[in-house]
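Structure file work16.txt (compact mmCIF, C-alpha atoms and all ligand atoms) follows.
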# COMPACT_ATOMS: atom_id res chain seq x y z
CA MET A 3 32.81 9.83 -10.80
CA SER A 4 32.28 10.52 -14.45
CA ARG A 5 32.99 7.06 -15.79
CA LYS A 6 29.94 4.90 -16.20
CA TYR A 7 29.97 1.23 -15.43
CA PRO A 8 27.29 -1.09 -16.74
CA LYS A 9 24.44 -1.59 -14.30
CA LYS A 10 25.40 -5.23 -13.71
CA VAL A 11 28.93 -4.21 -12.64
CA ARG A 12 27.63 -1.42 -10.41
CA LYS A 13 25.32 -3.90 -8.70
CA GLU A 14 28.24 -6.26 -8.11
CA PHE A 15 30.37 -3.42 -6.63
CA ALA A 16 27.51 -2.39 -4.35
CA ARG A 17 26.99 -5.98 -3.18
CA LYS A 18 30.71 -6.45 -2.39
CA LEU A 19 30.93 -3.11 -0.62
CA ALA A 20 27.83 -3.85 1.48
CA ALA A 21 29.30 -7.24 2.45
CA ALA A 22 32.65 -5.68 3.40
CA GLU A 23 30.89 -2.96 5.38
CA ALA A 24 28.72 -5.50 7.25
CA PHE A 25 31.83 -7.57 8.02
CA VAL A 26 33.78 -4.57 9.34
CA GLU A 27 30.84 -3.29 11.44
CA THR A 28 30.16 -6.70 13.00
CA TRP A 29 33.80 -7.44 13.77
CA THR A 30 34.40 -3.99 15.27
CA ASN A 31 31.13 -4.08 17.30
CA THR A 32 32.02 -7.45 18.86
CA GLY A 33 35.57 -6.26 19.46
CA LEU A 34 36.99 -9.17 17.54
CA ALA A 35 38.61 -6.93 14.94
CA SER A 36 41.04 -5.48 17.46
CA SER A 37 41.44 -8.56 19.67
CA LEU A 38 41.76 -11.36 17.13
CA ILE A 39 45.54 -11.48 17.36
CA THR A 40 45.87 -10.99 21.13
CA ASP A 41 42.85 -12.99 22.43
CA TYR A 42 43.12 -15.89 20.02
CA THR A 43 46.92 -15.89 19.76
CA CYS A 44 46.25 -15.72 16.07
CA THR A 45 49.46 -15.27 14.12
CA LEU A 46 48.97 -13.45 10.85
CA THR A 47 51.40 -13.32 7.97
CA CYS A 48 52.63 -9.86 6.98
CA GLU A 49 50.26 -9.68 3.99
CA GLU A 50 47.29 -10.88 6.08
CA ALA A 51 47.99 -8.22 8.70
CA LYS A 52 48.46 -5.51 6.06
CA THR A 53 45.24 -6.26 4.18
CA TYR A 54 43.24 -6.76 7.39
CA SER A 55 44.49 -3.44 8.74
CA ALA A 56 43.88 -1.68 5.41
CA LEU A 57 40.27 -2.92 5.36
CA MET A 58 39.63 -1.49 8.86
CA ARG A 59 41.37 1.77 7.97
CA SER A 60 39.33 2.20 4.79
CA PHE A 61 36.14 2.15 6.88
CA GLY A 62 37.52 4.73 9.30
CA TYR A 63 38.63 2.41 12.11
CA VAL A 64 42.07 3.96 12.35
CA ASN A 65 42.83 2.81 15.91
CA THR A 66 41.81 -0.76 15.13
CA ALA A 67 43.96 -0.68 12.01
CA SER A 68 46.95 0.56 14.02
CA SER A 69 46.51 -2.02 16.78
CA ILE A 70 46.30 -4.86 14.23
CA ILE A 71 49.70 -3.82 12.86
CA ALA A 72 51.17 -3.22 16.34
CA ASP A 73 49.99 -6.65 17.55
CA HIS A 74 51.29 -8.32 14.40
CA CYS A 75 54.68 -6.60 14.87
CA GLU A 76 55.08 -8.35 18.26
CA ASP A 77 55.67 -11.57 16.34
CA CYS A 78 56.81 -10.28 12.97
CA ASP A 79 60.41 -10.93 11.89
CA VAL A 80 60.56 -7.69 9.91
CA PRO A 81 58.40 -5.19 11.87
CA SER A 82 60.04 -2.22 10.18
CA GLU A 83 58.34 -3.37 6.92
CA HIS A 84 55.02 -2.24 8.37
CA PHE A 85 55.81 1.40 8.95
CA ASP A 86 54.55 3.74 6.29
CA THR A 87 57.35 6.27 6.12
CA ASP A 88 60.09 7.46 3.80
CA VAL A 89 62.36 8.67 6.63
CA TRP A 90 64.45 6.16 8.54
CA THR A 91 66.87 6.33 11.42
CA VAL A 92 69.70 3.83 11.09
CA ASP A 93 72.24 3.03 13.81
CA VAL A 94 75.50 1.84 12.33
CA GLY A 95 78.74 0.70 13.90
CA ALA A 96 82.10 -0.07 12.32
CA MET A 97 85.51 -1.12 13.53
CA THR A 98 87.77 1.33 11.72
CA PHE A 99 91.32 0.90 10.55
CA ASP A 100 94.07 3.35 9.58
CA PRO A 101 95.94 1.89 6.56
CA LYS A 102 98.91 4.27 7.02
CA LEU A 103 99.47 3.39 10.66
CA LYS A 104 98.35 -0.16 9.99
CA GLN A 105 96.31 -0.23 13.15
CA GLU A 106 92.80 -0.19 14.47
CA VAL A 107 91.43 3.25 15.20
CA ALA A 108 88.19 2.76 17.04
CA ASP A 109 84.85 1.05 17.10
CA LEU A 110 82.80 3.99 15.87
CA GLY A 111 79.05 4.43 15.73
CA TRP A 112 76.77 6.70 13.76
CA THR A 113 73.09 7.48 13.72
CA LEU A 114 72.04 8.35 10.19
CA VAL A 115 68.72 9.84 9.17
CA LEU A 116 67.88 9.33 5.54
CA ASN A 117 65.19 8.90 2.93
CA ALA A 118 64.40 5.42 1.68
CA GLU A 119 61.33 3.57 0.47
CA HIS A 120 61.89 0.54 2.69
CA PRO A 121 64.26 -0.58 5.46
CA ARG A 122 66.52 -2.63 3.19
CA GLU A 123 67.18 0.44 1.05
CA ALA A 124 67.82 2.50 4.21
CA GLU A 125 70.34 -0.09 5.38
CA ALA A 126 72.19 -0.09 2.04
CA LYS A 127 72.30 3.73 1.91
CA ALA A 128 73.60 3.93 5.48
CA GLU A 129 76.36 1.42 4.74
CA ASP A 130 77.40 3.34 1.63
CA ALA A 131 77.44 6.60 3.59
CA VAL A 132 79.65 5.14 6.31
CA ARG A 133 82.09 3.73 3.73
CA ALA A 134 82.26 7.13 2.01
CA HIS A 135 82.76 8.87 5.36
CA LEU A 136 85.64 6.57 6.31
CA HIS A 137 87.23 6.97 2.88
CA ALA A 138 87.03 10.78 3.12
CA ASN A 139 88.91 10.56 6.42
CA GLY A 140 91.65 8.26 5.09
CA LEU A 141 90.27 5.28 6.99
CA THR A 142 88.89 1.90 6.03
CA LEU A 143 87.01 -0.85 7.77
CA LYS A 144 89.17 -3.18 9.79
CA PRO A 145 90.04 -6.02 7.36
CA GLY A 146 87.55 -8.86 7.58
CA VAL A 147 85.05 -6.75 9.49
CA PHE A 148 81.66 -5.73 8.19
CA ILE A 149 79.61 -2.66 8.86
CA ASN A 150 77.20 -3.48 11.64
CA VAL A 151 73.69 -2.09 11.27
CA SER A 152 72.31 -2.42 14.78
CA GLU A 153 68.90 -0.83 14.37
CA ILE A 154 66.58 0.59 11.72
CA LYS A 155 63.64 2.62 12.97
CA PRO A 156 61.01 4.58 11.07
CA GLY A 157 61.10 8.35 11.41
CA GLU A 158 63.54 10.76 12.98
CA PRO A 159 65.34 10.24 16.26
CA GLY A 160 63.86 11.85 19.36
CA SER A 161 64.95 15.27 20.54
CA LEU A 162 67.45 13.71 22.98
CA ALA A 163 69.52 12.60 20.01
CA LEU A 164 69.29 15.97 18.31
CA TYR A 165 73.03 16.65 18.23
CA ASP A 166 74.15 13.11 17.63
CA TRP A 167 72.70 12.20 14.31
CA ILE A 168 73.80 12.82 10.76
CA ASP A 169 70.95 14.21 8.69
CA MET A 170 71.14 12.82 5.15
CA ARG A 171 67.56 13.53 4.17
CA GLU A 172 67.03 14.94 0.73
CA ALA A 173 65.62 18.44 0.65
CA ALA A 174 61.92 18.34 -0.15
ZN ZN A 201 55.02 -8.61 9.36

Entire entry expressed as structure tokens:
Amino acid sequence: MSRKYPKKVRKEFARKLAAAEAFVETWTNTGLASSLITDYTCTLTCEEAKTYSALMRSFGYVNTASSIIADHCEDCDVPSEHFDTDVWTVDVGAMTFDPKLKQEVADLGWTLVLNAEHPREAEAKAEDAVRAHLHANGLTLKPGVFINVSEIKPGEPGSLALYDWIDMREAA
């Protein structure tokens, strides 16, 4: 580090870091760090879980950090918010309609794999892609019916789904 801080500031940084380190070491040695949520049925907010996990991770306790997030996700309303990824797998269903024949075609489903910064963006992109796909095939959604996003998961689908998904990822 080339930038110099005044001695007073450096002392303050050192004091805070030592306190954080002592906290992390004590909580990991007693096991409380990884069992707080499960043993004490302690419910953390998303931000509490994120910052708690990040603190453990920054001191090298990667497994503890992961289990804090996993335990939090058991009770979290938006668990997909906690996955650090830019690739999402989105399962989408739609009741389709043929405007020429004026009749329902089928209840179709797609698994889309795409890039997005967060699950809400992935959901919006998947819906747009399905609309575009239907339009290109001369179809629409059944009137009054919405696109149904049934699941958003981080990452790519497993190998079992290899031939079933539509890869929309941007080339790196
Ligand atoms: Zn959460």

In Å, rounded to a single decimal, give me how far atom CA of A:Leu116 is from atom CA of A:Ala56.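 So the two atoms, atom CA of A:Ala56 and atom CA of A:Leu116, lie 26.4 Å apart.
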
Wanna dump the stretch 45-67 of chain A-stretch 73-86 of chain A contacts at 8 Å for me, each residue with its shortest atom pair and the distance in Å to one decimal, counting all atoms listed in the file, ordered by chain and number, as a tab-separated table?
residue	atom	partner	partner_atom	distance
A:Thr45	CA	A:His74	CA	7.2
A:Leu46	CA	A:His74	CA	6.7
A:Thr47	CA	A:Cys78	CA	8.0
A:Cys48	CA	A:Cys78	CA	7.3
A:Ala51	CA	A:His74	CA	6.6
A:Lys52	CA	A:His84	CA	7.7

Distance query A:Asp100 at most 10 Å, only C-alpha atoms, self and fewer than 6 positions along chain excluded, as a list in words: Glu106, Val107, Ala108, Leu136, Asn139, Gly140, Leu141, Thr142, Leu143 and Lys144 of chain A

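Considering only C-alpha atoms and all ligand atoms, the residue among A:Ile71, A:Ala138, A:Ala16, A:Val64 positioned nearest to ligand ZN 201 (chain A) is A:Ile71.
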
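The residue that comes closest to ligand ZN 201 (chain A), out of A:Leu19, A:Ala72, A:Met58, A:Ala128 and on the basis of only C-alpha atoms and all ligand atoms, is A:Ala72.
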
Might you pull out every residue within 12 Å of A:Ile149, with all atoms listed in the file counted and same-chain residues fewer than 6 positions away left off, and present them as a ChimeraX atom specification? /A:93-98,109-112,125-133,136,142-143

Which residue, A:Leu34, A:Ala134, A:Ala24, A:Ile70, has the smallest gap to ligand ZN 201 (chain A) when you use all atoms listed in the file?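 The shortest atom-to-atom distance to ligand ZN 201 (chain A) comes from A:Ile70.
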
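Of the listed residues A:Ser60, A:Thr113, A:Asn150, A:Ser55, the one whose atoms come nearest to ligand ZN 201 (chain A) is A:Ser55, with distances taken using all atoms listed in the file.
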
Which one is closest to ligand ZN 201 (chain A): A:Glu50, A:Asp88, A:Glu14, A:Asp41? Count all atoms listed in the file.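 Nearest candidate to ligand ZN 201 (chain A) out of A:Glu50, A:Asp88, A:Glu14, A:Asp41: A:Glu50.
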
When you draw a straight line from atom CA of A:Val26 to atom CA of A:Asn65, how long is it in Å?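 Answer for the atom CA of A:Val26 to atom CA of A:Asn65 separation: 13.4 Å.
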
Distance in Å - atom CA of A:Leu38 versus atom CA of A:Thr66: 10.8 Å
